[in-house]
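Input: a single structure, listed below in C-alpha cells.
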Amino acid sequence: MKRRNSGKSSRPIRTAGIIIVLVLINLVVTILFNMYNLNIDLTRNKLYQFSKLTYKTLGDLSEEIHIVYIGSYDAAQNNYHTQITVNFLENYKKSSPYITVTYIDPATNPNVLDSYRREGIMVQENSIVMESAKRKRHYYPYDMFTADVNTGEIYTVQAERQLTSGLFYVTGEMTLDAVFVTGHGETASGSLINLFEQMGFNLRSPIVLAEKDFDEQTNFAVIASPIRDFDKSETDKLDAFMARGGKLMLFLVPATIEFPNLTSFLMNWGIFIYPVTIFDESRYIGNNPLNIYADYTDHELNHFFINSRYYVVMPNSLAMEKIPRVRAGVYHEELLMSGKNSYAKANFKQGADTTRGDVDFPGPLNIATLITYVNPEGNKAKQNGMLFLSASGNMYGDDLAGSGSFANGSYLSSLIKYCESESLHLNIMPKTLFLSNLNLPNTHAWIWKVIFMGIVPLSILAAGAVVIFRRLRK
C-alpha cells in the first residue's frame, strides 16, 4: 500500500518535471532560432523560402540598407497581401545585420508623404522605399504581386525578385543613365525629371543630337513634346540608339507645322500619327472634353491601374495607328486608348466648335503604344530596344504627374521600371499563392483513381480481415 501511495504521489512530480523540460526545450529552441536567424516556412509552395541568389546577395552586403514601409505594422497584419509584404521585409531584416526596416504610419505622421514627394518620390500608403548611401529605390504596393486583369485576384508574389533586385540596385556600382533631348522646343516638366531622379537614374546634361551622338552609357532618352522637326541625321541617331538596346520615350503635341523627318522615323518603326485632336463626351475633367481619361488595354503593365480604378489623364491627344509588317523584330503593344464615346477632329483650331460632328473619327483610338525591337541579328544589342510613344505631351505635366489624384506619375514610373527591368533582371521565379491542379490524361487519371479509390482501400480491408482471422484461430 505504501508503494502504491508513493507511486501516486510521484506522478504530479513527474508531470511537473516533464512540463519544465518541455518549457526549457522550447526556450532553448526559440533562443537558437533568434540567434541564428532560423525560420521554418510552413506555407504552401514555400512562399517565404529565399532563393540561393537572395541568400548570396544578403551574405555579400557590406553597407547599411534602410527600408521604410509607409504604413502601420499592425494595420498591415489585417490584410492578407500587405501581411505577405511585411513578412518578406521582416525576413530580409532577420537575414542580414545590415538591413533595418522602419514602419511610418501616415495617419500619425502626416508629413511623411510630403517629405518624400518633395524629393520626387510619389509614395502612397503601403509603398516601400529602399535606401543606401548611394541611391534610393521606390516600390508601389502592386509591385510585389501579379494580379489577374479581369478579376483583380492576386495569383503570384514578386516580392523576392523585386526586393533582391532593389538590393542590387541601391548597392551596386552599375548606374542607369538618362538624357533629355533638346533643340526642337522640348519642354520637360519638373515632375518628369523627378521621376528619373527618384528612381536613381544619373541624369546627364541635355543633348542636342545635331551636335553629338548618344553616349554608350545612356540607357534612357526622353523627347518631351518637340514643336520643330528633327534633321535626318538626328533620326538616324535615334534609330541607332534603339537598335543597340536603348529605351526612348517620345511625347507628342498637336502642331500647325509638319514633321516629315520625325514622321518618317515613326513610320519606320511601324506607327502612323494622325493630325487630329481627341475629345470625349463623357470621360473628361475640368469641364473640358479635351482632358480625356484613358482606357487601359489588357497589358501586364496596366493590371494594377485597371483594378484600382486609378486613371491616367491625356489632354490634347493625337491618335496613332500601327503599320503592320514594317521590319523584322518590331513588336507593338497598345497601352492606352481613348474611350468608346470619344471622337477625333481633324485640324482642330483653338476656339472652334468641339461638339461631335458627322465627319469626326469615332473612338476608341490608340493614344499610347510601346514598341519593342528585338534585334534579329542578336549580337548587335545586349538588350531589346524600346520606344514608348505618347500622343499627349501634357501627360507628364506637373498638374497631372505631380498629383496623387491622377495616375499619370505612378503610370510613368511603372513604365520606366518596366522598360529598364532588363538591366536589373534577376532569375528569381515568382511564388504562386495557390496550388495548381495536376493535369493528367484521362487514362492516367482513371488508373490513379482505381488505385487510390479501389485497390488501396481493399488492400487495407483484406489485411485487417487476415489479422482478425488469425486472432480467432488462436
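Residues are named by chain letter and number: chains run A, B, ... in the order of the C-alpha cells, numbers start at 1 in each chain, and ligands are numbered from 1 in the order shown.
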
Please, which residues in range 183-290 of chain A fall within 9 Å of range 121-125 of chain A when counting only C-alpha atoms, and what is the closest atom pair and distance in Å to one decimal for each, ordered by chain then residue number, as JSON lines?
```
{"residue": "A:Asn194", "atom": "CA", "partner": "A:Ile121", "partner_atom": "CA", "distance": 7.6}
{"residue": "A:Leu195", "atom": "CA", "partner": "A:Ile121", "partner_atom": "CA", "distance": 7.2}
{"residue": "A:Glu197", "atom": "CA", "partner": "A:Ile121", "partner_atom": "CA", "distance": 8.7}
{"residue": "A:Gln198", "atom": "CA", "partner": "A:Ile121", "partner_atom": "CA", "distance": 5.5}
{"residue": "A:Met199", "atom": "CA", "partner": "A:Ile121", "partner_atom": "CA", "distance": 8.1}
```

Those same residues, written as a PDB file, in the first residue's frame with all heavy atoms?
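Final output, part.pdb:
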```pdb
ATOM      1  N   ASN A 194      11.858  64.543 -62.043  1.00  0.00           N
ATOM      2  CA  ASN A 194      11.923  63.934 -60.713  1.00  0.00           C
ATOM      3  C   ASN A 194      11.693  62.426 -60.751  1.00  0.00           C
ATOM      4  O   ASN A 194      12.244  61.681 -59.934  1.00  0.00           O
ATOM      5  CB  ASN A 194      10.895  64.582 -59.783  1.00  0.00           C
ATOM      6  CG  ASN A 194      11.321  65.951 -59.312  1.00  0.00           C
ATOM      7  OD1 ASN A 194      12.504  66.280 -59.338  1.00  0.00           O
ATOM      8  ND2 ASN A 194      10.373  66.758 -58.893  1.00  0.00           N
ATOM      9  N   LEU A 195      10.870  61.967 -61.699  1.00  0.00           N
ATOM     10  CA  LEU A 195      10.623  60.535 -61.805  1.00  0.00           C
ATOM     11  C   LEU A 195      11.921  59.775 -62.029  1.00  0.00           C
ATOM     12  O   LEU A 195      12.166  58.727 -61.430  1.00  0.00           O
ATOM     13  CB  LEU A 195       9.649  60.237 -62.947  1.00  0.00           C
ATOM     14  CG  LEU A 195       8.173  60.531 -62.700  1.00  0.00           C
ATOM     15  CD1 LEU A 195       7.355  60.249 -63.944  1.00  0.00           C
ATOM     16  CD2 LEU A 195       7.644  59.710 -61.533  1.00  0.00           C
ATOM     17  N   GLU A 197      14.982  60.942 -61.372  1.00  0.00           N
ATOM     18  CA  GLU A 197      15.884  61.155 -60.237  1.00  0.00           C
ATOM     19  C   GLU A 197      15.528  60.251 -59.065  1.00  0.00           C
ATOM     20  O   GLU A 197      16.403  59.645 -58.445  1.00  0.00           O
ATOM     21  CB  GLU A 197      15.845  62.625 -59.816  1.00  0.00           C
ATOM     22  CG  GLU A 197      16.503  63.562 -60.820  1.00  0.00           C
ATOM     23  CD  GLU A 197      16.444  65.014 -60.377  1.00  0.00           C
ATOM     24  OE1 GLU A 197      15.554  65.332 -59.545  1.00  0.00           O
ATOM     25  OE2 GLU A 197      17.259  65.824 -60.859  1.00  0.00           O
ATOM     26  N   GLN A 198      14.224  60.131 -58.754  1.00  0.00           N
ATOM     27  CA  GLN A 198      13.828  59.333 -57.603  1.00  0.00           C
ATOM     28  C   GLN A 198      14.022  57.848 -57.865  1.00  0.00           C
ATOM     29  O   GLN A 198      14.104  57.058 -56.927  1.00  0.00           O
ATOM     30  CB  GLN A 198      12.371  59.633 -57.203  1.00  0.00           C
ATOM     31  CG  GLN A 198      11.327  59.249 -58.216  1.00  0.00           C
ATOM     32  CD  GLN A 198      10.688  57.903 -57.970  1.00  0.00           C
ATOM     33  OE1 GLN A 198      11.095  57.179 -57.088  1.00  0.00           O
ATOM     34  NE2 GLN A 198       9.708  57.557 -58.778  1.00  0.00           N
ATOM     35  N   MET A 199      14.127  57.438 -59.124  1.00  0.00           N
ATOM     36  CA  MET A 199      14.403  56.038 -59.434  1.00  0.00           C
ATOM     37  C   MET A 199      15.902  55.765 -59.533  1.00  0.00           C
ATOM     38  O   MET A 199      16.321  54.649 -59.860  1.00  0.00           O
ATOM     39  CB  MET A 199      13.703  55.652 -60.736  1.00  0.00           C
ATOM     40  CG  MET A 199      12.187  55.662 -60.641  1.00  0.00           C
ATOM     41  SD  MET A 199      11.386  55.156 -62.165  1.00  0.00           S
ATOM     42  CE  MET A 199      11.823  53.432 -62.193  1.00  0.00           C
TER      43      MET A 199
END
```

- [ ] Quick one: pick out all alpha helix (DSSP H) residues within range 122-202 of chain A from a backbone DSSP run and write them as number ranges by chain.
- [x] A: 159-171, 190-198

Give me a file of those residues, with C-alpha atoms, as a PDB file, in the first residue's frame.
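What ended up in part26.pdb:
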```pdb
ATOM      1  CA  ALA A 159       8.360  40.373 -53.616  1.00  0.00           C
ATOM      2  CA  GLU A 160      11.624  38.420 -53.524  1.00  0.00           C
ATOM      3  CA  ARG A 161      12.538  39.295 -57.113  1.00  0.00           C
ATOM      4  CA  GLN A 162      11.722  42.967 -56.560  1.00  0.00           C
ATOM      5  CA  LEU A 163      13.444  43.383 -53.201  1.00  0.00           C
ATOM      6  CA  THR A 164      16.576  41.454 -54.144  1.00  0.00           C
ATOM      7  CA  SER A 165      16.768  43.466 -57.375  1.00  0.00           C
ATOM      8  CA  GLY A 166      16.466  46.553 -55.191  1.00  0.00           C
ATOM      9  CA  LEU A 167      19.422  45.432 -53.088  1.00  0.00           C
ATOM     10  CA  PHE A 168      21.494  45.004 -56.245  1.00  0.00           C
ATOM     11  CA  TYR A 169      20.403  48.413 -57.456  1.00  0.00           C
ATOM     12  CA  VAL A 170      20.970  50.511 -54.321  1.00  0.00           C
ATOM     13  CA  THR A 171      24.309  48.870 -53.510  1.00  0.00           C
ATOM     14  CA  GLY A 190       9.820  69.078 -63.090  1.00  0.00           C
ATOM     15  CA  SER A 191       7.667  66.036 -62.296  1.00  0.00           C
ATOM     16  CA  LEU A 192       9.026  64.093 -65.277  1.00  0.00           C
ATOM     17  CA  ILE A 193      12.609  64.919 -64.328  1.00  0.00           C
ATOM     18  CA  ASN A 194      11.923  63.934 -60.713  1.00  0.00           C
ATOM     19  CA  LEU A 195      10.623  60.535 -61.805  1.00  0.00           C
ATOM     20  CA  PHE A 196      14.038  59.645 -63.176  1.00  0.00           C
ATOM     21  CA  GLU A 197      15.884  61.155 -60.237  1.00  0.00           C
ATOM     22  CA  GLN A 198      13.828  59.333 -57.603  1.00  0.00           C
TER      23      GLN A 198
END
```

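Closest approach to Met267 in chain A among A:Arg283, A:Arg244, A:Lys237, A:Arg327: A:Arg327, based on only C-alpha atoms.
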
- [ ] Please report, as JSON, numbers by chain, each residue of range 126-341 of chain A to which DSSP assigns strand (DSSP E or B) when run on this structure's backbone.
- [x] {"A": [128, 129, 130, 131, 136, 137, 138, 139, 145, 146, 147, 154, 155, 156, 157, 177, 178, 179, 180, 181, 182, 202, 203, 207, 208, 218, 219, 220, 221, 222, 223, 224, 247, 248, 249, 250, 251, 271, 272, 273, 274, 276, 277, 278, 279, 280, 284, 291, 292, 293, 295, 296, 313, 314, 315, 319, 320, 321, 322, 330, 331, 332, 333, 334, 335, 336, 337]}

TODO: Write out as a count of residues only the residues lying within 9 Å of Ser405 in chain A, counting only C-alpha atoms and excluding same-chain residues fewer than 4 positions away.
DONE: 3

Task: Pick from A:Leu262, A:Val222, A:Ala294, A:Ala391, whichever lies nearest to Thr277 in chain A using only C-alpha atoms - done: A:Ala391

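Pairwise distance (CA of Leu209 in chain A, CA of Gly329 in chain A) equals 25.4 Å.
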
TODO: With a distance cut-off of 10 Å and only C-alpha atoms, select the neighbouring residues of Arg228 in chain A, excluding the residue or stretch itself and same-chain residues fewer than 6 positions from it, and output the selection as a VMD selection string.
DONE: chain A and resid 183 to 186 255 257 to 259 262

Residues as selected, C-alpha atoms, written as a compact mmCIF listing (two decimals), in the first residue's frame, can you do that?
```
# COMPACT_ATOMS: atom_id res chain seq x y z
CA GLY A 183 16.97 71.52 -79.74
CA HIS A 184 13.37 71.24 -81.02
CA GLY A 185 11.48 73.30 -78.45
CA GLU A 186 11.12 70.43 -75.97
CA ALA A 255 1.24 71.25 -84.11
CA ILE A 257 3.54 72.51 -88.95
CA GLU A 258 4.55 69.19 -90.48
CA PHE A 259 7.26 66.89 -89.17
CA LEU A 262 10.07 62.61 -87.35
```

Task: Selection: 8 Å around Tyr139 in chain A, only C-alpha atoms, excl. self and same-chain fewer than 6 positions, as JSON, numbers by chain - done: {"A": [127, 128, 129]}

Task: Residue among A:Asn78, A:Thr146, A:Ser132, A:Ser225 lying closest to Phe180 in chain A, counting only C-alpha atoms - done: A:Ser225

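Of the residues listed (A:Ile67, A:Ile371, A:Leu113, A:Ala188), A:Ala188 shows the shortest atom-to-atom separation from Asp398 in chain A; distances use only C-alpha atoms.
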
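Nearest-residue note for Asn384 in chain A: choosing from A:Tyr274, A:Phe201, A:Phe305, A:Tyr331, the minimum distance belongs to A:Tyr331, counting only C-alpha atoms.
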
- [ ] Please provide as a ChimeraX atom specification all residues within 8 Å of Ser342 in chain A, with the sequence filter that same-chain residues fewer than 2 positions apart are discarded (counting only C-alpha atoms).
- [x] /A:278-281,338-340,344,362-365
